[in-house]
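*Asks:* Below is run.pdb; it holds PDB, C-alpha atoms.
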```
ATOM      1  CA  MET A   1      78.465 106.667  91.879
ATOM      2  CA  THR A   2      78.404 109.669  94.189
ATOM      3  CA  GLY A   3      80.685 108.130  96.821
ATOM      4  CA  PRO A   4      83.698 107.523  94.566
ATOM      5  CA  LEU A   5      83.131 110.789  92.693
ATOM      6  CA  ALA A   6      82.958 112.775  95.933
ATOM      7  CA  ARG A   7      86.130 111.115  97.243
ATOM      8  CA  LEU A   8      87.936 111.809  93.965
ATOM      9  CA  LEU A   9      86.915 115.475  93.966
ATOM     10  CA  ALA A  10      87.910 115.878  97.625
ATOM     11  CA  TRP A  11      91.308 114.323  96.886
ATOM     12  CA  LEU A  12      91.797 116.663  93.934
ATOM     13  CA  VAL A  13      91.028 119.680  96.143
ATOM     14  CA  ARG A  14      93.533 118.488  98.739
ATOM     15  CA  ALA A  15      96.096 117.986  95.971
ATOM     16  CA  GLY A  16      95.692 121.601  94.853
ATOM     17  CA  PHE A  17      93.362 121.233  91.873
ATOM     18  CA  ALA A  18      90.453 123.278  93.246
ATOM     19  CA  GLN A  19      89.918 125.172  89.967
ATOM     20  CA  THR A  20      89.669 121.919  88.031
ATOM     21  CA  VAL A  21      87.131 120.615  90.530
ATOM     22  CA  GLU A  22      85.067 123.805  90.230
ATOM     23  CA  ALA A  23      85.038 123.397  86.433
ATOM     24  CA  ALA A  24      83.904 119.775  86.794
ATOM     25  CA  LEU A  25      81.095 120.816  89.143
ATOM     26  CA  ALA A  26      79.982 123.517  86.687
ATOM     27  CA  ARG A  27      79.927 120.866  83.965
ATOM     28  CA  LEU A  28      77.739 118.653  86.174
ATOM     29  CA  ASP A  29      75.299 121.565  86.538
ATOM     30  CA  GLN A  30      75.220 122.103  82.760
ATOM     31  CA  ARG A  31      74.618 118.410  82.176
ATOM     32  CA  ALA A  32      71.779 118.379  84.711
ATOM     33  CA  GLU A  33      69.901 121.038  82.726
ATOM     34  CA  LEU A  34      69.841 118.818  79.613
ATOM     35  CA  LEU A  35      68.426 115.688  81.252
ATOM     36  CA  THR A  36      64.940 114.428  82.080
ATOM     37  CA  ASP A  37      63.488 115.212  85.501
ATOM     38  CA  ARG A  38      64.628 111.966  87.119
ATOM     39  CA  GLU A  39      68.104 112.142  85.588
ATOM     40  CA  ARG A  40      68.327 115.849  86.412
ATOM     41  CA  ILE A  41      67.526 115.198  90.067
ATOM     42  CA  GLN A  42      70.151 112.459  90.174
ATOM     43  CA  ALA A  43      72.756 114.718  88.524
ATOM     44  CA  GLU A  44      71.890 117.621  90.855
ATOM     45  CA  THR A  45      72.188 115.302  93.846
ATOM     46  CA  THR A  46      75.583 114.143  92.607
ATOM     47  CA  ALA A  47      76.694 117.762  92.222
ATOM     48  CA  VAL A  48      75.460 118.704  95.709
ATOM     49  CA  LEU A  49      77.194 115.715  97.299
ATOM     50  CA  ALA A  50      80.389 116.512  95.401
ATOM     51  CA  ARG A  51      80.248 120.155  96.557
ATOM     52  CA  GLU A  52      79.791 119.000 100.149
ATOM     53  CA  ALA A  53      82.790 116.670  99.823
ATOM     54  CA  VAL A  54      84.843 119.552  98.426
ATOM     55  CA  ALA A  55      83.743 121.810 101.292
ATOM     56  CA  GLU A  56      84.700 119.121 103.805
ATOM     57  CA  ALA A  57      88.086 118.660 102.133
ATOM     58  CA  ARG A  58      88.714 122.411 102.353
ATOM     59  CA  ILE A  59      87.765 122.466 106.047
ATOM     60  CA  MET A  60      90.049 119.499 106.768
ATOM     61  CA  ALA A  61      92.897 121.072 104.778
ATOM     62  CA  ASP A  62      92.544 124.267 106.817
ATOM     63  CA  PHE A  63      92.402 122.239 110.041
ATOM     64  CA  ASN A  64      95.523 120.284 109.085
ATOM     65  CA  ALA A  65      97.380 123.452 108.094
ATOM     66  CA  ARG A  66      96.594 124.989 111.479
ATOM     67  CA  LYS A  67      97.484 121.767 113.279
ATOM     68  CA  LEU A  68     100.853 121.514 111.528
ATOM     69  CA  SER A  69     101.683 125.138 112.362
ATOM     70  CA  PHE A  70     100.985 124.654 116.079
ATOM     71  CA  PRO A  71     104.197 123.896 118.062
ATOM     72  CA  TRP A  72     102.456 121.668 120.621
ATOM     73  CA  PHE A  73     101.428 119.292 117.855
ATOM     74  CA  TRP A  74     105.082 118.724 116.942
ATOM     75  CA  ILE A  75     106.093 118.330 120.595
ATOM     76  CA  PHE A  76     103.340 115.764 121.106
ATOM     77  CA  ALA A  77     104.264 113.920 117.901
ATOM     78  CA  ALA A  78     107.953 113.961 118.843
ATOM     79  CA  ALA A  79     107.131 112.387 122.217
ATOM     80  CA  PHE A  80     105.972 109.291 120.326
ATOM     81  CA  VAL A  81     108.012 109.331 117.145
ATOM     82  CA  GLY A  82     111.337 110.257 118.815
ATOM     83  CA  PRO A  83     111.651 107.140 121.002
ATOM     84  CA  LEU A  84     110.435 105.001 118.098
ATOM     85  CA  ALA A  85     113.146 106.494 115.871
ATOM     86  CA  LEU A  86     115.803 105.780 118.530
ATOM     87  CA  TRP A  87     114.595 102.186 118.905
ATOM     88  CA  TRP A  88     114.434 101.715 115.129
ATOM     89  CA  SER A  89     117.960 103.109 114.732
ATOM     90  CA  ALA A  90     119.262 100.798 117.449
ATOM     91  CA  VAL A  91     117.670  97.779 115.736
ATOM     92  CA  ILE A  92     119.204  98.722 112.371
ATOM     93  CA  LEU A  93     122.658  99.471 113.800
ATOM     94  CA  ASP A  94     122.653  96.276 115.873
ATOM     95  CA  SER A  95     121.549  94.222 112.860
ATOM     96  CA  VAL A  96     124.004  95.742 110.406
ATOM     97  CA  PHE A  97     127.095  96.013 112.576
ATOM     98  CA  GLY A  98     126.489  93.050 114.897
ATOM     99  CA  PHE A  99     126.788  94.972 118.164
ATOM    100  CA  ALA A 100     126.117  93.079 121.372
ATOM    101  CA  TRP A 101     123.232  95.364 122.286
ATOM    102  CA  SER A 102     120.410  92.798 122.217
ATOM    103  CA  VAL A 103     117.778  95.384 121.334
ATOM    104  CA  ALA A 104     114.438  94.134 122.596
ATOM    105  CA  ASP A 105     111.454  93.812 120.285
ATOM    106  CA  LEU A 106     108.314  95.757 121.070
ATOM    107  CA  PRO A 107     106.462  93.740 123.712
ATOM    108  CA  THR A 108     102.984  93.360 122.187
ATOM    109  CA  PRO A 109     101.497  92.983 118.702
ATOM    110  CA  GLN A 110      99.443  96.122 119.355
ATOM    111  CA  MET A 111     102.587  98.166 120.012
ATOM    112  CA  GLN A 112     104.166  96.760 116.861
ATOM    113  CA  ALA A 113     101.080  97.790 114.870
ATOM    114  CA  TRP A 114     101.133 101.259 116.460
ATOM    115  CA  ALA A 115     104.809 101.632 115.584
ATOM    116  CA  GLY A 116     104.089 100.721 111.965
ATOM    117  CA  ASP A 117     101.204 103.205 111.899
ATOM    118  CA  MET A 118     103.411 105.964 113.336
ATOM    119  CA  ILE A 119     106.087 105.351 110.716
ATOM    120  CA  ARG A 120     103.477 105.280 107.928
ATOM    121  CA  TRP A 121     101.760 108.459 109.121
ATOM    122  CA  THR A 122     105.076 110.248 109.630
ATOM    123  CA  PHE A 123     105.931 109.707 105.978
ATOM    124  CA  TYR A 124     102.330 110.399 104.889
ATOM    125  CA  VAL A 125     102.186 113.756 106.704
ATOM    126  CA  GLY A 126     105.747 114.680 105.775
ATOM    127  CA  GLY A 127     105.179 113.717 102.140
ATOM    128  CA  GLY A 128     101.909 115.657 102.054
ATOM    129  CA  VAL A 129     103.505 118.765 103.526
ATOM    130  CA  GLY A 130     106.394 118.499 101.069
ATOM    131  CA  ALA A 131     104.053 118.054  98.108
ATOM    132  CA  LEU A 132     101.938 121.044  99.119
ATOM    133  CA  ARG A 133     105.015 123.218  99.502
ATOM    134  CA  ALA A 134     106.243 122.084  96.079
ATOM    135  CA  LEU A 135     102.903 123.104  94.513
ATOM    136  CA  ARG A 136     103.166 126.644  95.884
TER     137      ARG A 136
END
```
Please lay out the structure from this file as structure tokens.
*Replies:*
Amino acid sequence: MTGPLARLLAWLVRAGFAQTVEAALARLDQRAELLTDRERIQAETTAVLAREAVAEARIMADFNARKLSFPWFWIFAAAFVGPLALWWSAVILDSVFGFAWSVADLPTPQMQAWAGDMIRWTFYVGGGVGALRALR
């Protein structure tokens, strides 16, 4: 029970619902006072674990905000994503317009998996940054 609840509360904090999470944690504390000793201990443990997950989510959000504001992060990311974007564009253009480019596939399954991960994380990070800016 505490694992999924902690993950849900951490996600809500990252999504900008920190006040809602604080209200839910206060409600858990109120509920704990009304229960038997064993149930109270379990509810208090759930509340403590949830608070720790929220604290971790706040630390990671601060870390990610600092990381995304650091120019070297974007230079490092561009060193990997830039060539992938050029290759991807060449594949699409060659496929659509039938150029005689013969764009080579990535040489290993690991590189293909890494390329898919980079594309996924580029949209994940970009979508997350856009959503956070929209909330402000």
*Asks:* Could you please determine the separation between CA of Arg38 (chain A) and CA of Ala57 (chain A) in Å, to one decimal place?
*Replies:* 28.6 Å
*Asks:* So what does the PyMOL selection byres ((chain A and resi 105-117) around 12) actually pick up in this one, as a list of chain:residue names?
*Replies:*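 Those residues are A:Phe80, A:Val81, A:Gly82, A:Pro83, A:Leu84, A:Ala85, A:Trp87, A:Trp88, A:Ala90, A:Val91, A:Ser102, A:Val103, A:Ala104, A:Met118, A:Ile119, A:Arg120, A:Trp121, A:Thr122, A:Phe123, A:Tyr124, A:Val125.
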*Asks:* Which one of A:Ser95, A:Phe70, A:Leu34, A:Val54 sits closest to Thr20 (chain A) if you count all atoms listed in the file?
*Replies:* A:Val54
*Asks:* What does the distance between CA of Ser69 (chain A) and CA of Glu56 (chain A) come to in Å, to one decimal place?
*Replies:*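 Separating CA of Ser69 (chain A) from CA of Glu56 (chain A) is a distance of 19.9 Å.
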*Asks:* Quick one, how far is CA of Ala78 (chain A) from CA of Ile92 (chain A)?
*Replies:*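 These two atoms are separated by 20.0 Å.
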*Asks:* I'd like the box whose edges run along x, y and z of the file and which contains every listed atom of region 56-70 of chain A, padded by 3 Å per side; could you state its centre and edge lengths in Å, one decimal, as lines of an AutoDock Vina configuration file?
*Replies:*
```
center_x = 93.2
center_y = 121.9
center_z = 109.1
size_x = 23.0
size_y = 12.5
size_z = 19.9
```
*Asks:* Using only C-alpha atoms, pick whichever of A:Ala53, A:Glu39, A:Trp72, A:Val96 has the shortest atom-to-atom distance to Val21 (chain A).
*Replies:*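 Among the listed residues, the smallest separation from Val21 (chain A) belongs to A:Ala53.
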*Asks:* My list of candidates is A:Ala100, A:Leu93, A:Leu68, A:Ala26. Which is closest to Ala47 (chain A) when distances are computed with all atoms listed in the file?
*Replies:* A:Ala26
*Asks:* Calculated over all atoms listed in the file, which of the candidates A:Ala77, A:Ala24, A:Ile59, A:Arg66 has the smallest distance to Thr46 (chain A)?
*Replies:*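 Ranking A:Ala77, A:Ala24, A:Ile59, A:Arg66 by distance to Thr46 (chain A), first place goes to A:Ala24.
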*Asks:* Would you pick out the contacts of Glu44 (chain A) at 9 Å or less, using only C-alpha atoms, so that residues sharing its chain but fewer than 5 positions from it are not included, and give the list as a PyMOL selection string?
*Replies:* chain A and resi 28-29+32+39+49
